[in-house]
>>> print(open('target.csv').read())   # CSV, C-alpha atoms and all ligand atoms
chain,number,residue,atom,x,y,z
A,158,MET,CA,95.2,83.7,70.2
A,159,GLU,CA,98.4,85.5,69.6
A,160,ARG,CA,101.3,83.4,71.1
A,161,ARG,CA,102.6,86.3,73.2
A,162,ILE,CA,99.2,86.9,74.8
A,163,PHE,CA,98.6,83.2,75.3
A,164,LEU,CA,101.9,82.9,77.1
A,165,ARG,CA,101.1,85.9,79.3
A,166,ASN,CA,97.7,84.6,80.2
A,167,SER,CA,99.1,81.2,81.0
A,168,ALA,CA,101.7,82.8,83.2
A,169,ILE,CA,99.1,84.9,85.0
A,170,ALA,CA,96.9,81.8,85.5
A,171,ALA,CA,99.9,79.8,86.7
A,172,ALA,CA,100.9,82.5,89.1
A,173,GLY,CA,97.4,82.7,90.5
A,174,ILE,CA,97.1,86.3,89.6
A,175,GLY,CA,93.7,87.2,88.3
A,176,LEU,CA,90.3,88.0,89.8
A,177,ALA,CA,91.6,88.6,93.3
A,178,GLY,CA,93.6,91.7,93.7
A,179,ILE,CA,94.7,94.2,91.1
A,180,THR,CA,95.3,92.5,87.7
A,181,PRO,CA,98.1,93.8,85.4
A,182,LEU,CA,95.4,94.6,82.8
A,183,TYR,CA,93.6,97.4,84.6
A,184,ALA,CA,95.0,100.2,82.5
A,185,SER,CA,94.4,99.0,79.0
A,186,THR,CA,90.5,98.9,79.2
A,187,PRO,CA,88.6,101.9,77.8
A,188,ALA,CA,86.6,103.6,80.5
A,189,THR,CA,83.8,106.1,80.8
A,190,GLU,CA,84.7,106.8,84.4
A,191,PHE,CA,87.8,105.7,86.3
A,192,THR,CA,87.5,104.1,89.7
A,193,LEU,CA,89.9,103.5,92.6
A,194,PRO,CA,91.1,100.0,92.5
A,195,ALA,CA,90.5,98.1,95.8
A,196,LEU,CA,93.6,96.9,97.6
A,197,PRO,CA,93.6,93.1,98.0
A,198,TYR,CA,94.8,93.4,101.6
A,199,PRO,CA,93.8,95.6,104.6
A,200,TYR,CA,95.8,98.7,105.2
A,201,ASN,CA,97.6,97.3,108.2
A,202,ALA,CA,98.8,94.2,106.3
A,203,TYR,CA,101.8,96.1,104.9
A,204,GLU,CA,103.3,96.7,108.3
A,205,PRO,CA,106.0,97.1,109.4
A,206,TYR,CA,107.4,98.2,106.1
A,207,ILE,CA,104.6,100.7,105.3
A,208,ASP,CA,102.4,101.8,108.2
A,209,GLU,CA,98.6,101.5,108.3
A,210,LEU,CA,98.0,105.3,108.5
A,211,THR,CA,100.2,106.0,105.5
A,212,MET,CA,98.5,103.2,103.5
A,213,SER,CA,95.0,104.5,104.4
A,214,ILE,CA,95.7,108.1,103.5
A,215,HIS,CA,97.8,107.3,100.5
A,216,HIS,CA,95.2,104.9,98.9
A,217,GLY,CA,92.0,106.3,100.3
A,218,LYS,CA,92.7,110.0,100.0
A,219,HIS,CA,95.6,110.7,97.6
A,220,HIS,CA,94.8,108.1,95.0
A,221,GLN,CA,91.1,108.7,95.3
A,222,ALA,CA,91.7,112.4,94.6
A,223,TYR,CA,93.7,111.6,91.5
A,224,VAL,CA,90.8,109.4,90.3
A,225,ASP,CA,88.2,112.0,91.0
A,226,ASN,CA,90.2,114.9,89.5
A,227,LEU,CA,91.0,112.8,86.4
A,228,ASN,CA,87.2,112.1,85.9
A,229,LYS,CA,86.5,115.8,86.3
A,230,ALA,CA,89.3,116.9,83.9
A,231,LEU,CA,88.2,114.4,81.3
A,232,ALA,CA,84.5,115.4,81.6
A,233,GLU,CA,85.5,119.1,81.2
A,234,ALA,CA,87.5,118.1,78.0
A,235,GLY,CA,84.6,116.0,76.7
A,236,VAL,CA,86.9,112.9,76.6
A,237,THR,CA,85.3,109.5,77.2
A,238,GLY,CA,86.0,105.8,76.3
A,239,GLU,CA,89.8,106.1,76.4
A,240,SER,CA,92.0,103.7,78.3
A,241,LEU,CA,94.3,105.1,81.0
A,242,GLU,CA,97.3,103.8,79.0
A,243,ASN,CA,96.2,105.6,75.9
A,244,ILE,CA,95.7,108.8,77.7
A,245,CYS,CA,99.2,108.6,79.1
A,246,ARG,CA,100.7,107.7,75.8
A,247,ASN,CA,99.1,110.8,74.1
A,248,VAL,CA,99.2,113.0,77.2
A,249,SER,CA,100.6,116.0,75.2
A,250,ARG,CA,97.2,116.4,73.6
A,251,TYR,CA,95.5,116.9,77.0
A,252,SER,CA,95.4,119.6,79.7
A,253,PRO,CA,97.9,119.7,82.6
A,254,ALA,CA,95.1,118.5,84.9
A,255,VAL,CA,94.7,115.4,82.8
A,256,ARG,CA,98.5,114.9,82.8
A,257,ASN,CA,98.8,115.2,86.5
A,258,ASN,CA,95.8,113.1,87.4
A,259,ALA,CA,96.0,110.4,84.8
A,260,GLY,CA,99.6,110.0,85.9
A,261,GLY,CA,98.6,109.9,89.5
A,262,HIS,CA,96.0,107.2,88.8
A,263,TYR,CA,98.2,105.1,86.6
A,264,ASN,CA,101.3,105.3,88.8
A,265,HIS,CA,99.5,104.5,92.1
A,266,SER,CA,97.6,101.6,90.5
A,267,LEU,CA,100.9,100.2,89.3
A,268,PHE,CA,102.6,100.8,92.7
A,269,TRP,CA,99.8,98.9,94.6
A,270,SER,CA,99.9,96.1,92.1
A,271,VAL,CA,103.5,95.2,92.8
A,272,ILE,CA,103.5,95.2,96.6
A,273,LYS,CA,102.2,92.4,98.7
A,274,PRO,CA,102.5,91.6,102.4
A,275,ASN,CA,104.1,88.4,103.8
A,276,GLN,CA,106.1,88.0,100.6
A,277,LYS,CA,107.5,84.5,100.5
A,278,LEU,CA,109.1,84.8,97.1
A,279,LYS,CA,112.1,87.0,97.7
A,280,MET,CA,113.4,87.2,94.2
A,281,PRO,CA,112.3,87.3,90.6
A,282,THR,CA,111.8,84.1,88.7
A,283,GLY,CA,111.3,83.0,85.1
A,284,MET,CA,111.5,85.4,82.2
A,285,LEU,CA,111.9,88.5,84.4
A,286,SER,CA,114.7,87.0,86.4
A,287,ALA,CA,116.5,86.1,83.1
A,288,ALA,CA,116.1,89.6,81.8
A,289,ILE,CA,117.4,91.2,85.0
A,290,GLU,CA,120.5,89.0,84.7
A,291,LYS,CA,121.0,89.8,81.0
A,292,ASP,CA,120.2,93.5,80.9
A,293,LEU,CA,121.2,94.7,84.4
A,294,GLY,CA,123.7,92.1,85.7
A,295,GLY,CA,121.4,90.5,88.3
A,296,LEU,CA,119.1,91.3,91.2
A,297,GLY,CA,121.8,92.9,93.3
A,298,LYS,CA,122.6,95.4,90.5
A,299,LEU,CA,118.9,96.1,89.9
A,300,ARG,CA,118.4,96.8,93.6
A,301,GLU,CA,121.4,99.1,93.7
A,302,GLN,CA,120.4,101.0,90.6
A,303,LEU,CA,116.7,101.4,91.4
A,304,SER,CA,117.4,102.4,95.1
A,305,LYS,CA,119.9,105.0,93.9
A,306,ALA,CA,117.4,106.3,91.3
A,307,ALA,CA,114.7,106.5,93.9
A,308,PHE,CA,116.9,108.3,96.3
A,309,SER,CA,118.1,110.8,93.6
A,310,VAL,CA,114.6,112.1,92.7
A,311,PHE,CA,114.7,115.8,93.7
A,312,GLY,CA,111.4,116.8,95.2
A,313,SER,CA,108.4,114.6,94.3
A,314,GLY,CA,108.4,111.8,91.7
A,315,TRP,CA,108.9,108.2,90.9
A,316,ALA,CA,111.6,105.6,90.1
A,317,TRP,CA,110.9,102.9,87.6
A,318,LEU,CA,112.0,99.6,86.2
A,319,VAL,CA,110.8,99.6,82.6
A,320,VAL,CA,111.3,97.8,79.3
A,321,ASN,CA,112.6,100.3,76.8
A,322,ASP,CA,112.0,100.6,73.1
A,323,ALA,CA,115.0,98.3,72.4
A,324,GLY,CA,113.3,95.6,74.6
A,325,ARG,CA,115.8,95.9,77.4
A,326,LEU,CA,115.2,96.5,81.1
A,327,GLU,CA,116.2,100.0,82.2
A,328,VAL,CA,116.0,102.0,85.5
A,329,GLY,CA,115.0,105.7,85.5
A,330,THR,CA,112.9,108.4,87.1
A,331,THR,CA,110.1,110.8,86.3
A,332,PRO,CA,109.1,114.0,88.1
A,333,ASN,CA,105.8,114.7,89.8
A,334,GLN,CA,103.1,112.3,88.5
A,335,ASP,CA,104.7,111.8,85.0
A,336,ASN,CA,105.4,108.3,84.0
A,337,PRO,CA,107.4,106.5,81.3
A,338,LEU,CA,104.4,105.8,79.1
A,339,MET,CA,103.9,109.5,78.5
A,340,ASP,CA,104.9,111.1,75.2
A,341,ILE,CA,106.2,114.1,77.1
A,342,SER,CA,108.5,112.1,79.3
A,343,GLU,CA,112.3,112.1,78.8
A,344,PHE,CA,112.5,108.6,80.3
A,345,ARG,CA,110.4,106.2,78.2
A,346,GLY,CA,109.4,102.6,78.5
A,347,LYS,CA,106.7,100.1,79.7
A,348,PRO,CA,106.6,99.9,83.5
A,349,VAL,CA,107.4,96.7,85.4
A,350,LEU,CA,108.1,98.2,88.9
A,351,ALA,CA,107.4,101.6,90.4
A,352,ILE,CA,108.3,103.2,93.7
A,353,ASP,CA,106.6,106.4,94.8
A,354,VAL,CA,109.0,108.8,96.5
A,355,TRP,CA,106.6,111.6,97.1
A,356,GLU,CA,106.9,112.5,100.8
A,357,HIS,CA,103.3,111.4,101.4
A,358,ALA,CA,104.4,107.8,100.6
A,359,TYR,CA,106.7,107.6,103.6
A,360,TYR,CA,106.9,110.8,105.8
A,361,LEU,CA,104.6,109.7,108.7
A,362,LYS,CA,106.8,106.7,109.4
A,363,TYR,CA,110.2,107.5,108.0
A,364,GLN,CA,110.2,111.4,108.1
A,365,ASN,CA,113.3,112.6,106.1
A,366,ARG,CA,114.8,109.1,105.9
A,367,ARG,CA,113.9,108.2,102.4
A,368,PRO,CA,116.6,105.6,102.0
A,369,ARG,CA,115.0,103.6,104.9
A,370,TYR,CA,111.7,103.7,103.2
A,371,ILE,CA,113.3,102.5,99.9
A,372,GLU,CA,115.0,99.6,101.8
A,373,SER,CA,111.7,98.6,103.4
A,374,TRP,CA,109.9,98.7,100.0
A,375,TRP,CA,112.1,95.9,98.7
A,376,ASN,CA,110.5,93.5,101.3
A,377,LEU,CA,107.1,94.0,99.8
A,378,ILE,CA,107.8,93.5,96.1
A,379,ASP,CA,105.4,91.0,94.5
A,380,TRP,CA,107.7,89.4,92.0
A,381,GLN,CA,104.9,87.4,90.4
A,382,ALA,CA,103.0,90.5,89.7
A,383,ALA,CA,106.1,92.2,88.3
A,384,GLU,CA,106.7,89.3,86.0
A,385,GLY,CA,103.0,89.6,85.0
A,386,HIS,CA,103.7,93.2,83.9
A,387,TYR,CA,106.9,92.1,82.2
A,388,ARG,CA,105.2,89.3,80.2
A,389,LYS,CA,102.3,91.6,79.2
A,390,LEU,CA,104.6,94.0,77.4
B,401,MN3,MN,101.7,108.8,96.1
>>> encode(input="target.csv", output="structure tokens")
Amino acid sequence: MERRIFLRNSAIAAAGIGLAGITPLYASTPATEFTLPALPYPYNAYEPYIDELTMSIHHGKHHQAYVDNLNKALAEAGVTGESLENICRNVSRYSPAVRNNAGGHYNHSLFWSVIKPNQKLKMPTGMLSAAIEKDLGGLGKLREQLSKAAFSVFGSGWAWLVVNDAGRLEVGTTPNQDNPLMDISEFRGKPVLAIDVWEHAYYLKYQNRRPRYIESWWNLIDWQAAEGHYRKL
């Protein structure tokens, strides 16, 4: 086994990430039909940071619609057996419907995978922690940069922590349901963390107070899962 993959798998096993919940590997498997990933916790478990009704509509309606519309758009294009990651990487070859819905499915899957209720671990550890120190100047700086990026998205979109082509952590944003894997994206890299700043992600509880939602989101970050994504890269 390649050393990098071995280290990653060991880390995932050590962190207890695996069969339960959303694994970091969901997006690299070729699929004939995409399905909505189940959340590992009930919708009300993310209270008080994200309310039950928002979780239920966001996951059960919005994300489900991206999955359904992606399957429909791929069927219309006669595409089958591609992984979600590959579709994103080569998205310029596909229709706008594939771009919007593959992005929607990928982005939300990643978003759910890095939040967890009753988070005991309040900061990154291991390789991710070291990289945050080295590339961004520490957790405080990451928090500042990513919060600012999330706040700055005009209209609907996402803010990200990624590993860029130079192998360094970088913070940036994408509009709509674009993501940093996409060949059409100005901001490129492999995602480690993602925050959804579409109004549907926070409006029921926070209304126009996007900064309050962003602050709350930091309480839910699953740093073990984020490190799983980081090691996988
Ligand atoms: Mn959303």
>>> atom_distance(input="target.csv", atom1="atom CA of Asn336 of chain A", atom2="atom CA of Gly260 of chain A")
6.3 Å
>>> residues_around(input="target.csv", residues="Ala259 of chain A", least_positions_apart="3", cutoff="8 Å", atoms="only C-alpha atoms", output="PyMOL selection string")
chain A and resi 223-224+227+241+244-245+255-256+262-263
>>> write_last_selection(input="target.csv", atoms="C-alpha atoms", output="compact mmCIF listing (two decimals), in the frame of the given file")
# COMPACT_ATOMS: atom_id res chain seq x y z
CA TYR A 223 93.70 111.60 91.50
CA VAL A 224 90.80 109.40 90.30
CA LEU A 227 91.00 112.80 86.40
CA LEU A 241 94.30 105.10 81.00
CA ILE A 244 95.70 108.80 77.70
CA CYS A 245 99.20 108.60 79.10
CA VAL A 255 94.70 115.40 82.80
CA ARG A 256 98.50 114.90 82.80
CA HIS A 262 96.00 107.20 88.80
CA TYR A 263 98.20 105.10 86.60
>>> closest_atom_pairs(input="target.csv", of="chain A", to="ligand MN3 401 (chain B)", cutoff="8 Å", atoms="only C-alpha atoms and all ligand atoms", output="CSV")
residue,atom,partner,partner_atom,distance
A:His215,CA,B:MN3_401,MN,6.1
A:His219,CA,B:MN3_401,MN,6.6
A:His220,CA,B:MN3_401,MN,7.0
A:Gly261,CA,B:MN3_401,MN,7.4
A:His265,CA,B:MN3_401,MN,6.3
A:Asp353,CA,B:MN3_401,MN,5.6
A:Val354,CA,B:MN3_401,MN,7.3
A:Trp355,CA,B:MN3_401,MN,5.7
A:Glu356,CA,B:MN3_401,MN,7.9
A:His357,CA,B:MN3_401,MN,6.1
A:Ala358,CA,B:MN3_401,MN,5.3
>>> residues_around(input="target.csv", residues="Ala184 of chain A", least_positions_apart="3", cutoff="12 Å", atoms="all atoms listed in the file", output="MDAnalysis selection string")
chainID A and resid 179:181 187:188 191:194 239:246 259:260 262:267 270 338 348 386 389
>>> atom_distance(input="target.csv", atom1="atom CA of Tyr251 of chain A", atom2="atom CA of Asp340 of chain A")
11.2 Å
>>> decode(input="target.csv", residues="segment 264-377 of chain A", atoms="C-alpha atoms", output="compact mmCIF listing (two decimals), in the first residue's frame")
# COMPACT_ATOMS: atom_id res chain seq x y z
CA ASN A 264 -20.37 20.94 -1.33
CA HIS A 265 -23.15 19.85 1.00
CA SER A 266 -21.63 16.39 1.51
CA LEU A 267 -18.41 18.06 2.57
CA PHE A 268 -20.23 20.60 4.73
CA TRP A 269 -22.07 17.86 6.70
CA SER A 270 -18.91 15.80 7.02
CA VAL A 271 -17.05 18.49 8.97
CA ILE A 272 -19.73 19.40 11.52
CA LYS A 273 -20.51 17.44 14.64
CA PRO A 274 -22.64 18.16 17.71
CA ASN A 275 -21.19 18.20 21.25
CA GLN A 276 -17.74 18.82 19.94
CA LYS A 277 -15.18 18.10 22.68
CA LEU A 278 -12.15 18.73 20.51
CA LYS A 279 -12.08 22.50 20.12
CA MET A 280 -9.01 22.78 17.96
CA PRO A 281 -7.17 20.98 15.20
CA THR A 282 -4.52 18.41 16.07
CA GLY A 283 -1.70 16.56 14.34
CA MET A 284 -0.72 17.29 10.77
CA LEU A 285 -3.58 19.71 10.15
CA SER A 286 -2.70 21.75 13.24
CA ALA A 287 0.95 21.93 12.15
CA ALA A 288 -0.05 23.02 8.64
CA ILE A 289 -2.39 25.71 10.00
CA GLU A 290 0.50 27.07 12.10
CA LYS A 291 2.96 26.96 9.22
CA ASP A 292 0.79 28.19 6.34
CA LEU A 293 -1.66 30.54 8.05
CA GLY A 294 -0.05 31.54 11.35
CA GLY A 295 -2.29 29.53 13.66
CA LEU A 296 -5.93 28.78 14.44
CA GLY A 297 -6.71 32.39 15.36
CA LYS A 298 -5.59 33.57 11.93
CA LEU A 299 -7.49 30.77 10.16
CA ARG A 300 -10.61 31.71 12.04
CA GLU A 301 -10.19 35.37 11.19
CA GLN A 302 -9.51 34.72 7.49
CA LEU A 303 -12.22 32.13 6.95
CA SER A 304 -14.87 34.13 8.84
CA LYS A 305 -14.01 37.22 6.83
CA ALA A 306 -14.13 35.25 3.56
CA ALA A 307 -17.53 33.75 4.49
CA PHE A 308 -18.88 37.17 5.38
CA SER A 309 -17.55 38.69 2.15
CA VAL A 310 -19.37 36.32 -0.25
CA PHE A 311 -21.80 38.52 -2.15
CA GLY A 312 -25.09 36.71 -2.65
CA SER A 313 -24.95 32.92 -2.51
CA GLY A 314 -21.79 30.87 -2.24
CA TRP A 315 -19.22 29.11 -0.11
CA ALA A 316 -16.04 29.83 1.83
CA TRP A 317 -13.31 27.20 1.96
CA LEU A 318 -10.10 26.04 3.53
CA VAL A 319 -8.20 24.14 0.86
CA VAL A 320 -4.78 22.75 0.08
CA ASN A 321 -3.60 24.59 -3.04
CA ASP A 322 -1.42 23.28 -5.87
CA ALA A 323 1.70 24.33 -3.97
CA GLY A 324 0.61 22.08 -1.08
CA ARG A 325 -0.21 24.97 1.24
CA LEU A 326 -3.41 25.74 3.11
CA GLU A 327 -5.35 28.62 1.65
CA VAL A 328 -8.69 30.33 2.35
CA GLY A 329 -11.03 31.46 -0.44
CA THR A 330 -14.56 31.57 -1.77
CA THR A 331 -16.66 30.31 -4.68
CA PRO A 332 -19.97 31.68 -5.99
CA ASN A 333 -23.23 29.71 -6.20
CA GLN A 334 -22.53 25.94 -6.05
CA ASP A 335 -19.09 26.12 -7.62
CA ASN A 336 -16.23 24.57 -5.65
CA PRO A 337 -12.42 24.67 -5.67
CA LEU A 338 -12.11 21.28 -7.41
CA MET A 339 -13.81 22.67 -10.51
CA ASP A 340 -11.69 23.45 -13.58
CA ILE A 341 -13.78 26.59 -14.14
CA SER A 342 -13.14 27.96 -10.64
CA GLU A 343 -10.85 30.94 -10.08
CA PHE A 344 -10.10 29.63 -6.57
CA ARG A 345 -8.62 26.14 -6.81
CA GLY A 346 -7.54 23.49 -4.32
CA LYS A 347 -8.57 20.38 -2.44
CA PRO A 348 -11.19 21.13 0.23
CA VAL A 349 -10.57 20.58 3.94
CA LEU A 350 -13.38 22.74 5.41
CA ALA A 351 -16.43 24.37 3.84
CA ILE A 352 -19.06 26.77 5.09
CA ASP A 353 -22.30 27.29 3.21
CA VAL A 354 -23.32 30.95 3.23
CA TRP A 355 -26.44 30.64 1.08
CA GLU A 356 -29.28 32.24 3.02
CA HIS A 357 -31.07 28.86 3.24
CA ALA A 358 -28.21 27.75 5.53
CA TYR A 359 -29.01 30.28 8.26
CA TYR A 360 -31.94 32.57 7.53
CA LEU A 361 -34.61 30.88 9.68
CA LYS A 362 -32.56 31.32 12.85
CA TYR A 363 -30.22 34.19 12.09
CA GLN A 364 -32.11 36.18 9.41
CA ASN A 365 -29.71 38.82 8.06
CA ARG A 366 -27.09 38.20 10.76
CA ARG A 367 -24.68 36.13 8.72
CA PRO A 368 -21.72 36.87 11.06
CA ARG A 369 -23.63 35.30 13.99
CA TYR A 370 -24.18 32.14 11.97
CA ILE A 371 -20.51 32.03 11.00
CA GLU A 372 -19.48 32.42 14.66
CA SER A 373 -21.85 29.59 15.65
CA TRP A 374 -20.51 27.31 12.93
CA TRP A 375 -17.04 27.29 14.53
CA ASN A 376 -18.54 25.49 17.54
CA LEU A 377 -19.57 22.55 15.35
